[in-house]
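Undergrad: Following this line is target37.txt, made up of compact mmCIF, C-alpha atoms (C1' of nucleotides):
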```txt
# COMPACT_ATOMS: atom_id res chain seq x y z
CA MET A 136 77.11 -11.02 58.18
CA ASP A 137 77.44 -12.19 61.76
CA ASP A 138 80.69 -14.07 62.18
CA PHE A 139 79.18 -16.32 64.85
CA THR A 140 76.46 -17.46 62.47
CA ARG A 141 78.94 -18.04 59.69
CA LYS A 142 81.10 -20.21 61.92
CA MET A 143 78.12 -22.33 62.95
CA ALA A 144 77.07 -22.78 59.34
CA GLN A 145 80.56 -23.83 58.37
CA ALA A 146 80.65 -26.35 61.22
CA PHE A 147 77.29 -27.75 60.16
CA ASP A 148 78.47 -28.25 56.62
CA ALA A 149 81.81 -29.81 57.53
CA ALA A 150 80.41 -32.02 60.30
CA PRO A 151 81.76 -35.59 60.37
CA ILE A 152 78.20 -36.91 60.62
CA GLY A 153 75.18 -36.64 58.33
CA MET A 154 72.78 -33.88 59.36
CA ALA A 155 69.45 -32.85 57.97
CA VAL A 156 66.46 -30.62 58.65
CA SER A 157 62.93 -31.44 57.60
CA HIS A 158 59.56 -29.77 57.60
CA HIS A 159 56.75 -32.31 57.51
CA ARG A 160 59.04 -34.97 56.09
CA VAL A 161 60.39 -32.74 53.33
CA LEU A 162 64.12 -32.10 53.42
CA SER A 163 64.80 -28.40 53.77
CA MET A 164 68.50 -28.49 54.61
CA CYS A 165 71.33 -30.97 54.87
CA ASN A 166 75.08 -30.97 55.10
CA THR A 167 77.72 -32.45 52.83
CA SER A 168 78.14 -35.65 54.88
CA PHE A 169 74.45 -36.38 54.59
CA ALA A 170 74.35 -35.94 50.82
CA GLU A 171 77.53 -37.96 50.35
CA MET A 172 76.33 -40.76 52.62
CA LEU A 173 73.29 -41.19 50.40
CA GLY A 174 75.06 -40.64 47.08
CA TYR A 175 73.34 -37.42 46.05
CA ASP A 176 74.36 -33.87 45.31
CA ARG A 177 72.90 -31.59 47.92
CA ALA A 178 71.28 -29.41 45.30
CA ASN A 179 69.22 -32.36 44.03
CA LEU A 180 68.20 -33.34 47.53
CA LEU A 181 66.82 -30.11 48.97
CA GLY A 182 63.06 -29.86 48.66
CA GLN A 183 62.66 -33.61 48.16
CA SER A 184 60.46 -35.83 50.30
CA PHE A 185 62.29 -38.17 52.66
CA ARG A 186 60.40 -40.94 50.90
CA ILE A 187 63.20 -41.44 48.37
CA LEU A 188 65.71 -41.98 51.17
CA TYR A 189 63.95 -45.05 52.57
CA PRO A 190 64.01 -48.55 51.09
CA SER A 191 60.25 -48.62 50.46
CA HIS A 192 57.09 -46.67 50.88
CA ALA A 193 56.03 -49.03 53.68
CA GLU A 194 59.29 -48.37 55.49
CA PHE A 195 58.75 -44.64 55.05
CA ASP A 196 55.30 -44.92 56.60
CA ARG A 197 56.51 -47.19 59.37
CA VAL A 198 59.32 -44.97 60.63
CA ARG A 199 56.97 -42.01 60.73
CA ASP A 200 55.07 -43.40 63.69
CA ILE A 201 57.60 -45.18 65.83
CA GLY A 202 59.25 -42.12 67.37
CA LEU A 203 56.25 -39.84 67.60
CA LYS A 204 55.40 -40.52 71.23
CA ALA A 205 58.97 -40.06 72.48
CA MET A 206 59.22 -36.87 70.46
CA GLU A 207 56.05 -35.45 71.97
CA GLU A 208 57.17 -36.29 75.47
CA GLN A 209 60.90 -35.63 75.45
CA GLY A 210 61.34 -33.69 72.23
CA SER A 211 63.89 -36.15 70.93
CA TYR A 212 64.16 -39.68 69.64
CA SER A 213 66.84 -42.12 68.60
CA ASP A 214 66.96 -45.50 66.94
CA GLU A 215 68.75 -47.51 64.31
CA ARG A 216 67.30 -47.60 60.85
CA MET A 217 67.98 -48.49 57.26
CA MET A 218 68.32 -45.70 54.70
CA ARG A 219 68.51 -46.17 50.95
CA ARG A 220 71.34 -44.76 48.90
CA LYS A 221 70.70 -43.35 45.44
CA ASP A 222 72.11 -46.53 43.89
CA GLY A 223 69.74 -48.62 45.98
CA VAL A 224 72.31 -49.91 48.45
CA PRO A 225 70.97 -49.86 52.02
CA VAL A 226 72.83 -47.93 54.70
CA TRP A 227 72.30 -48.87 58.33
CA CYS A 228 72.32 -45.73 60.50
CA ARG A 229 72.09 -44.55 64.03
CA PHE A 230 69.37 -41.97 63.76
CA ARG A 231 68.77 -39.11 66.16
CA ALA A 232 66.11 -36.45 65.93
CA ARG A 233 65.06 -33.40 67.84
CA THR A 234 61.82 -31.64 67.12
CA LEU A 235 61.53 -27.88 67.35
CA THR A 236 57.74 -28.20 67.31
CA PRO A 237 56.81 -30.67 70.08
CA GLY A 238 53.09 -30.22 69.53
CA ASP A 239 53.52 -31.35 65.93
CA PRO A 240 56.69 -33.46 66.11
CA LEU A 241 57.23 -33.77 62.38
CA GLY A 242 56.66 -30.08 61.76
CA HIS A 243 60.28 -29.04 62.13
CA LEU A 244 62.88 -31.74 62.75
CA VAL A 245 66.66 -31.60 63.10
CA MET A 246 68.25 -35.01 62.56
CA SER A 247 71.61 -36.69 62.60
CA PHE A 248 72.55 -39.89 60.76
CA ALA A 249 75.64 -41.85 61.69
CA PRO A 250 76.38 -44.76 59.36
CA ILE A 251 76.99 -47.88 61.41
CA ARG A 252 78.36 -49.97 58.60
CA ASP A 253 78.37 -49.48 54.89
CA GLN A 254 77.21 -52.89 53.85
CA LEU A 255 76.72 -55.02 56.93
CA ASP A 256 79.60 -57.31 56.02
CA GLY A 257 77.93 -58.17 52.74
CA ALA A 258 74.78 -59.43 54.37
CA GLN A 259 71.78 -57.80 52.77
CA LEU A 260 68.66 -57.51 54.85
CA THR A 261 65.25 -58.13 53.37
CA LYS A 262 62.31 -55.87 54.07
CA ARG A 263 60.90 -58.34 56.58
CA GLU A 264 64.22 -58.67 58.32
CA ARG A 265 64.47 -54.91 58.70
CA GLU A 266 60.94 -54.69 60.06
CA VAL A 267 61.58 -57.44 62.58
CA LEU A 268 64.94 -55.97 63.57
CA SER A 269 63.26 -52.66 64.18
CA GLY A 270 60.80 -54.31 66.55
CA LEU A 271 63.54 -56.22 68.34
CA SER A 272 65.57 -53.08 68.93
CA ARG A 273 62.49 -51.55 70.54
CA GLY A 274 62.27 -54.50 72.91
CA LEU A 275 59.16 -56.06 71.38
CA THR A 276 58.48 -59.79 71.64
CA SER A 277 57.75 -61.97 68.63
CA LYS A 278 54.07 -61.86 69.55
CA GLU A 279 54.07 -58.05 69.62
CA ILE A 280 55.98 -57.74 66.37
CA GLY A 281 53.55 -60.19 64.78
CA ARG A 282 50.65 -58.01 65.86
CA GLU A 283 52.37 -54.89 64.53
CA LEU A 284 53.01 -56.48 61.14
CA GLY A 285 49.80 -58.50 60.93
CA LEU A 286 51.65 -61.81 60.94
CA SER A 287 51.77 -64.93 63.05
CA PRO A 288 54.30 -64.86 65.90
CA ARG A 289 55.56 -68.09 64.39
CA THR A 290 56.62 -66.28 61.24
CA ILE A 291 58.49 -63.66 63.26
CA GLU A 292 60.40 -66.48 64.91
CA ASP A 293 61.39 -67.74 61.47
CA VAL A 294 62.71 -64.33 60.44
CA ARG A 295 64.48 -64.01 63.76
CA ALA A 296 66.16 -67.39 63.29
CA ARG A 297 67.25 -66.34 59.80
CA LEU A 298 68.83 -63.17 61.24
CA LEU A 299 70.71 -65.20 63.84
CA ARG A 300 72.05 -67.51 61.13
CA LYS A 301 72.99 -64.65 58.79
CA PHE A 302 75.03 -62.86 61.42
CA GLU A 303 76.31 -66.03 63.05
CA VAL A 304 75.24 -65.03 66.53
CA LYS A 305 73.84 -67.09 69.37
CA ASN A 306 70.83 -65.01 70.33
CA THR A 307 68.99 -61.73 69.92
CA SER A 308 71.12 -59.92 72.48
CA GLU A 309 74.30 -60.61 70.57
CA LEU A 310 72.54 -59.71 67.33
CA LEU A 311 71.53 -56.30 68.63
CA SER A 312 74.93 -55.58 70.11
CA ARG A 313 76.40 -56.29 66.66
CA MET A 314 73.92 -53.97 65.01
CA SER A 315 74.78 -51.22 67.44
CA TYR A 316 77.45 -48.64 67.06
CA ALA A 317 80.35 -49.41 64.82
CA ARG A 318 83.56 -50.49 66.33
CA PRO A 319 86.52 -48.17 65.81
CA THR A 320 87.71 -48.88 62.29
CA SER A 321 91.16 -47.37 62.21
CA MET B 238 72.18 -12.17 55.63
CA ASP B 239 72.14 -15.27 53.46
CA ASP B 240 69.11 -17.40 54.33
CA PHE B 241 70.97 -20.58 53.45
CA THR B 242 73.70 -19.77 55.95
CA ARG B 243 71.20 -18.87 58.62
CA LYS B 244 69.40 -22.19 58.18
CA MET B 245 72.61 -24.15 58.49
CA ALA B 246 73.57 -22.26 61.65
CA GLN B 247 70.17 -22.92 63.17
CA ALA B 248 70.46 -26.62 62.36
CA PHE B 249 73.92 -26.72 63.93
CA ASP B 250 72.66 -25.17 67.12
CA ALA B 251 69.54 -27.33 67.42
CA ALA B 252 71.27 -30.58 66.46
CA PRO B 253 70.34 -33.62 68.54
CA ILE B 254 74.01 -34.40 68.97
CA GLY B 255 76.89 -32.49 70.55
CA MET B 256 79.03 -30.63 68.01
CA ALA B 257 82.18 -28.61 68.41
CA VAL B 258 84.94 -26.90 66.45
CA SER B 259 88.50 -26.53 67.65
CA HIS B 260 91.69 -24.82 66.54
CA HIS B 261 94.74 -26.51 68.00
CA ARG B 262 92.70 -28.04 70.79
CA VAL B 263 91.02 -24.80 71.77
CA LEU B 264 87.24 -24.73 71.46
CA SER B 265 86.18 -22.06 69.00
CA MET B 266 82.55 -23.04 68.50
CA CYS B 267 80.01 -25.50 69.87
CA ASN B 268 76.28 -26.04 69.83
CA THR B 269 73.72 -26.18 72.62
CA SER B 270 73.73 -29.98 72.86
CA PHE B 271 77.48 -29.99 73.39
CA ALA B 272 77.39 -27.40 76.16
CA GLU B 273 74.44 -29.10 77.85
CA MET B 274 76.01 -32.52 77.62
CA LEU B 275 79.00 -31.24 79.57
CA GLY B 276 77.07 -29.03 81.98
CA TYR B 277 78.39 -25.66 80.84
CA ASP B 278 76.96 -22.50 79.39
CA ARG B 279 78.26 -22.06 75.89
CA ALA B 280 79.55 -18.58 76.67
CA ASN B 281 81.87 -19.97 79.34
CA LEU B 282 83.11 -22.70 77.08
CA LEU B 283 84.19 -20.83 73.96
CA GLY B 284 87.89 -20.04 73.95
CA GLN B 285 88.68 -22.70 76.54
CA SER B 286 91.17 -25.50 76.05
CA PHE B 287 89.69 -28.97 75.60
CA ARG B 288 91.79 -29.94 78.59
CA ILE B 289 88.99 -29.16 81.01
CA LEU B 290 86.64 -31.51 79.14
CA TYR B 291 88.74 -34.62 79.76
CA PRO B 292 88.96 -36.58 83.01
CA SER B 293 92.70 -35.97 83.44
CA HIS B 294 95.68 -34.37 81.86
CA ALA B 295 96.98 -37.82 80.92
CA GLU B 296 93.76 -38.59 79.09
CA PHE B 297 93.95 -35.25 77.31
CA ASP B 298 97.44 -36.10 76.10
CA ARG B 299 96.50 -39.64 75.17
CA VAL B 300 93.56 -38.76 72.94
CA ARG B 301 95.65 -36.19 71.08
CA ASP B 302 97.75 -38.87 69.45
CA ILE B 303 95.43 -41.79 68.85
CA GLY B 304 93.57 -40.38 65.86
CA LEU B 305 96.34 -38.38 64.22
CA LYS B 306 97.38 -40.99 61.68
CA ALA B 307 93.84 -41.75 60.53
CA MET B 308 93.16 -38.03 60.27
CA GLU B 309 96.21 -37.44 58.11
CA GLU B 310 95.32 -40.31 55.81
CA GLN B 311 91.52 -40.20 55.61
CA GLY B 312 90.77 -36.80 57.06
CA SER B 313 88.47 -38.27 59.67
CA TYR B 314 88.55 -40.37 62.80
CA SER B 315 86.12 -42.00 65.21
CA ASP B 316 86.29 -43.76 68.55
CA GLU B 317 84.60 -43.99 71.93
CA ARG B 318 85.98 -41.88 74.72
CA MET B 319 85.30 -40.56 78.15
CA MET B 320 84.56 -36.87 78.59
CA ARG B 321 84.30 -35.03 81.89
CA ARG B 322 81.26 -33.01 82.81
CA LYS B 323 81.63 -29.76 84.76
CA ASP B 324 80.45 -31.54 87.91
CA GLY B 325 83.11 -34.19 87.39
CA VAL B 326 80.79 -36.97 86.23
CA PRO B 327 82.28 -38.88 83.31
CA VAL B 328 80.31 -39.12 80.05
CA TRP B 329 81.02 -41.98 77.69
CA CYS B 330 80.77 -40.73 74.08
CA ARG B 331 81.01 -41.83 70.53
CA PHE B 332 83.43 -39.31 69.12
CA ARG B 333 83.82 -38.39 65.46
CA ALA B 334 86.15 -35.82 63.98
CA ARG B 335 86.96 -34.39 60.60
CA THR B 336 89.93 -32.18 60.01
CA LEU B 337 89.81 -29.27 57.61
CA THR B 338 93.61 -29.08 57.67
CA PRO B 339 94.91 -32.59 56.86
CA GLY B 340 98.53 -31.48 56.90
CA ASP B 341 98.12 -30.33 60.49
CA PRO B 342 95.20 -32.47 61.72
CA LEU B 343 94.56 -30.60 64.94
CA GLY B 344 94.72 -27.22 63.25
CA HIS B 345 91.02 -27.02 62.45
CA LEU B 346 88.74 -29.82 63.65
CA VAL B 347 84.99 -30.34 63.43
CA MET B 348 83.77 -32.91 65.93
CA SER B 349 80.59 -34.64 67.01
CA PHE B 350 79.97 -36.21 70.41
CA ALA B 351 77.12 -38.65 70.88
CA PRO B 352 76.53 -39.78 74.45
CA ILE B 353 76.31 -43.55 74.25
CA ARG B 354 74.00 -43.96 77.18
CA ASP B 355 71.78 -41.09 76.17
CA GLN B 356 68.68 -42.55 77.78
CA LEU B 357 69.88 -41.98 81.31
CA ASP B 358 72.25 -39.11 81.77
CA GLY B 359 74.35 -39.25 84.86
CA ALA B 360 73.80 -42.93 85.50
CA GLN B 361 77.11 -44.61 85.95
CA LEU B 362 77.47 -48.31 85.71
CA THR B 363 79.04 -50.25 88.52
CA LYS B 364 81.89 -52.64 87.84
CA ARG B 365 79.54 -55.62 88.09
CA GLU B 366 77.04 -54.01 85.74
CA ARG B 367 79.75 -53.44 83.15
CA GLU B 368 80.96 -57.01 83.48
CA VAL B 369 77.49 -58.44 83.05
CA LEU B 370 76.75 -56.11 80.16
CA SER B 371 79.90 -57.28 78.48
CA GLY B 372 78.73 -60.87 78.71
CA LEU B 373 75.26 -60.02 77.45
CA SER B 374 76.66 -58.24 74.42
CA ARG B 375 78.60 -61.40 73.60
CA GLY B 376 75.38 -63.38 73.68
CA LEU B 377 76.11 -65.24 76.90
CA THR B 378 73.32 -66.53 79.13
CA SER B 379 73.11 -65.72 82.82
CA LYS B 380 74.46 -69.18 83.56
CA GLU B 381 77.50 -68.62 81.32
CA ILE B 382 78.19 -65.15 82.71
CA GLY B 383 77.94 -66.58 86.20
CA ARG B 384 80.54 -69.20 85.36
CA GLU B 385 82.80 -66.55 83.83
CA LEU B 386 82.62 -64.34 86.91
CA GLY B 387 82.52 -67.11 89.47
CA LEU B 388 79.03 -66.18 90.65
CA SER B 389 75.62 -67.77 90.89
CA PRO B 390 73.41 -67.37 87.80
CA ARG B 391 70.88 -66.00 90.26
CA THR B 392 73.13 -63.05 91.01
CA ILE B 393 73.57 -62.31 87.34
CA GLU B 394 69.81 -62.14 87.02
CA ASP B 395 69.75 -59.58 89.82
CA VAL B 396 72.30 -57.38 88.08
CA ARG B 397 70.40 -57.80 84.84
CA ALA B 398 67.14 -56.74 86.46
CA ARG B 399 68.85 -53.70 87.91
CA LEU B 400 70.13 -52.73 84.46
CA LEU B 401 66.64 -53.04 82.98
CA ARG B 402 65.24 -50.82 85.75
CA LYS B 403 68.02 -48.23 85.43
CA PHE B 404 67.54 -47.82 81.71
CA GLU B 405 63.78 -48.23 81.80
CA VAL B 406 63.75 -50.89 79.11
CA LYS B 407 61.57 -53.96 78.77
CA ASN B 408 64.22 -56.59 78.11
CA THR B 409 67.83 -57.31 77.27
CA SER B 410 67.35 -56.76 73.54
CA GLU B 411 66.16 -53.20 74.06
CA LEU B 412 68.94 -52.64 76.57
CA LEU B 413 71.63 -53.67 74.12
CA SER B 414 70.17 -51.69 71.26
CA ARG B 415 70.55 -48.59 73.43
CA MET B 416 74.06 -49.36 74.54
CA SER B 417 77.21 -49.60 72.66
CA TYR B 418 78.75 -53.00 72.83
CA ALA B 419 80.04 -53.16 76.36
CA ARG B 420 83.62 -53.35 77.35
CA PRO B 421 84.68 -53.90 80.92
CA THR B 422 86.60 -50.81 82.00
CA SER B 423 87.41 -52.05 85.48
C1' DA C 297 71.95 -45.12 113.66
C1' DT C 298 68.79 -45.88 110.24
C1' DC C 299 68.17 -45.63 105.12
C1' DG C 300 69.31 -46.70 100.56
C1' DT C 301 71.92 -49.27 97.32
C1' DG C 302 74.79 -52.77 95.55
C1' DT C 303 76.02 -57.30 96.09
C1' DA C 304 74.91 -62.25 96.58
C1' DC C 305 71.89 -66.14 96.83
C1' DG C 306 67.61 -69.32 97.27
C1' DG C 307 62.85 -70.61 95.58
C1' DT C 308 58.78 -70.52 92.44
C1' DA C 309 55.92 -69.23 88.56
C1' DT C 310 55.13 -67.75 83.96
C1' DC C 311 56.19 -66.31 79.58
C1' DA C 312 59.60 -65.85 75.72
C1' DA C 313 63.14 -67.67 72.90
C1' DT C 314 65.24 -71.17 70.48
C1' DA C 315 65.50 -75.42 68.05
C1' DC C 316 63.67 -79.01 66.03
C1' DC C 317 59.78 -81.57 63.18
C1' DG C 318 56.59 -80.69 59.30
C1' DT C 319 53.80 -78.24 54.89
C1' DA C 320 53.11 -74.74 51.37
C1' DT C 321 53.62 -70.88 47.95
C1' DA C 322 56.13 -67.49 45.20
C1' DA C 323 60.26 -65.68 43.18
C1' DC C 324 64.36 -66.09 40.96
C1' DC C 325 68.19 -68.23 38.74
C1' DA C 326 70.98 -71.37 36.15
C1' DT D 123 63.08 -77.64 34.76
C1' DG D 124 64.88 -78.23 39.17
C1' DG D 125 67.44 -75.81 43.08
C1' DT D 126 67.59 -72.15 46.27
C1' DT D 127 65.73 -68.64 49.13
C1' DA D 128 62.25 -65.89 51.37
C1' DT D 129 57.92 -65.98 53.10
C1' DA D 130 54.26 -67.94 56.08
C1' DC D 131 52.41 -71.09 59.35
C1' DG D 132 51.52 -75.35 62.46
C1' DG D 133 53.22 -78.46 66.40
C1' DT D 134 56.33 -79.79 70.28
C1' DA D 135 60.16 -79.68 73.52
C1' DT D 136 63.71 -77.50 76.07
C1' DT D 137 66.11 -73.79 77.81
C1' DG D 138 66.30 -68.94 79.13
C1' DA D 139 64.41 -64.63 80.85
C1' DT D 140 61.70 -62.11 83.82
C1' DA D 141 59.13 -61.19 87.90
C1' DC D 142 57.92 -62.06 92.15
C1' DC D 143 58.72 -63.96 97.23
C1' DG D 144 62.37 -64.21 100.76
C1' DT D 145 67.36 -63.56 103.50
C1' DA D 146 71.90 -61.54 104.35
C1' DC D 147 76.02 -58.43 104.45
C1' DA D 148 78.83 -54.24 103.33
C1' DC D 149 79.12 -49.47 102.66
C1' DG D 150 78.32 -44.73 102.56
C1' DA D 151 75.34 -40.79 103.56
C1' DT D 152 72.28 -38.09 106.32
```
Translate this structure into structure tokens?
TA:
Amino acid sequence: MDDFTRKMAQAFDAAPIGMAVSHHRVLSMCNTSFAEMLGYDRANLLGQSFRILYPSHAEFDRVRDIGLKAMEEQGSYSDERMMRRKDGVPVWCRFRARTLTPGDPLGHLVMSFAPIRDQLDGAQLTKREREVLSGLSRGLTSKEIGRELGLSPRTIEDVRARLLRKFEVKNTSELLSRMSYARPTS
Amino acid sequence: MDDFTRKMAQAFDAAPIGMAVSHHRVLSMCNTSFAEMLGYDRANLLGQSFRILYPSHAEFDRVRDIGLKAMEEQGSYSDERMMRRKDGVPVWCRFRARTLTPGDPLGHLVMSFAPIRDQLDGAQLTKREREVLSGLSRGLTSKEIGRELGLSPRTIEDVRARLLRKFEVKNTSELLSRMSYARPTS
DNA sequence: ATCGTGTACGGTATCAATACCGTATAACCA
DNA sequence: TGGTTATACGGTATTGATACCGTACACGAT
């Protein structure tokens, strides 16, 4: 076998970041970091739908759409999102994806997942809080998020205020900078 | 050839994040993203010392030591660092590494490099922009940042508007979700 | 020598965010 | 059973953000 190919495969598997490949939202390949991050054995993960790796079915449906346009136009997309470990514990990740089939973005995807924090300093986020946070990180206003979720803007403001209290920050900007990349930990 | 291996190699090469393998600080393998990020052809990069990928020899020496202890103890290390593109332009990256030889951490390294400002390659921030961004990430208002820098709040709003234009984002929240927390490097 | 850009500042106008006041329901827990 | 929390929504009031209008100066590149 080609030594070049073998080296690349070894690097993929030993990568310090979670990596995965999907075809139409079904996992066809992943590396050790990815399986470990989510608490599975790789063998049990391959062939599974990504559905089981998200906190809920609604979340699974939601994340399908939000990067589609960017993927069609630029071929890649990045955001921050919550994944669900096998034991149910949420993992907040920086997510990056590149599609190999721009006409059908979800046809063949290569993704990377970098855990931002394991448990968000103990603060658990509710489903609503995750949904709102997702909108905020995309620059949406409370009104726009309300429309997206079929709720009153007033309710979004409540969730937003709860997030600010939980993380003890002054405003949304500080909140999002805290939810961004992890600080060096060692 | 093993189909499993081939799939992993393909995923490595198409990854949405820069990846590289080194033996004693000499690049032995990298993917397309990595070569593109730094402005090289992969063929010209393999076999080269990492020296040419850092802004200076001093920086090259400095980064050698800072992760060694963590790598010996946990096998992995992560920070943010400046890389140097072929044309000399600096690229600010989130860097992650895992060693496959914990006794001799630099013996065999697998690394990932994620450009932090991936939305606008080549855009450098001015000193003022970094200063303002630092304030924003700490949740300060324009008025507070102005006080901190001894400037009119009006001027801070100008810098802010320029940042929004540069990164093509709608508001400060979206800006900060795309940036790492800012640190003034001036 | 003009052009572009960054810097710095003033004004005005509008919308968004935040912080309060209030009510109400549903879930869970001790 | 009562206490807490999350959800959901209404009003009002204040501050902040954003987008325009304008001027001015410094600097580097073509």
Undergrad: In terms of the shortest atom-to-atom distance over all atoms listed in the file, which of B:Arg365, B:Arg279, B:Arg318, B:Arg415 is closest to chain C?
TA: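 Between B:Arg365, B:Arg279, B:Arg318, B:Arg415, the residue approaching chain C most closely is B:Arg365.
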Undergrad: For Asp278 in chain B, work out the shell of residues within 12 Å, counting only C-alpha atoms (C1' of nucleotides) and skipping chain neighbours fewer than 6 positions away, then give it as number ranges by chain.
TA: B: 267-272, 322-323
Undergrad: Could you give me, as a list of chain:residue names, the residues that have an atom at most 12 Å away from the point (90.8, -39.8, 54.5) in the coordinates of the file, using only C-alpha atoms (C1' of nucleotides)?
TA: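 Checking each residue against the 12 Å limit leaves A:Pro151, A:Ser321, B:Gly304, B:Leu305, B:Lys306, B:Ala307, B:Met308, B:Glu309, B:Glu310, B:Gln311, B:Gly312, B:Ser313, B:Tyr314, B:Ser315, B:Ala334, B:Arg335, B:Thr336, B:Leu337, B:Thr338, B:Pro339, B:Gly340, B:Pro342.
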Undergrad: When distances are computed from only C-alpha atoms (C1' of nucleotides), which of C:DA312, C:DC317, C:DA323, C:DG307 shows the smallest separation from chain A?
TA: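 Selected residue with least distance to chain A: C:DA312.
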Undergrad: Find the distance between CA of Asp293 in chain A and CA of Ser308 in chain A and write it in Å to one decimal.
TA: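 So the answer is 16.6 Å.
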Undergrad: With all atoms listed in the file as the counted atoms, please give the residues lying no more than 9 Å from DT140 in chain D, apart from itself and same-chain residues fewer than 6 positions off, as an NGL selection string.
TA: (:B and (394 or 398 or 408)) or (:C and (310-311))
Undergrad: Show me, as a ChimeraX atom specification, the residues of chain C whose atoms get within 9 Å of chain B, using all atoms listed in the file for the distance check.
TA: /C:302-306
Undergrad: What is the distance, in Å and to one decimal place, between CA of Phe404 in chain B and CA of Leu362 in chain B?
TA: 10.7 Å
Undergrad: Should the cut-off be 12 Å, what would the residue list for chain D against chain B look like, counting only C-alpha atoms (C1' of nucleotides), as JSON, numbers by chain?
TA: {"D": [137, 138, 139, 140, 141]}
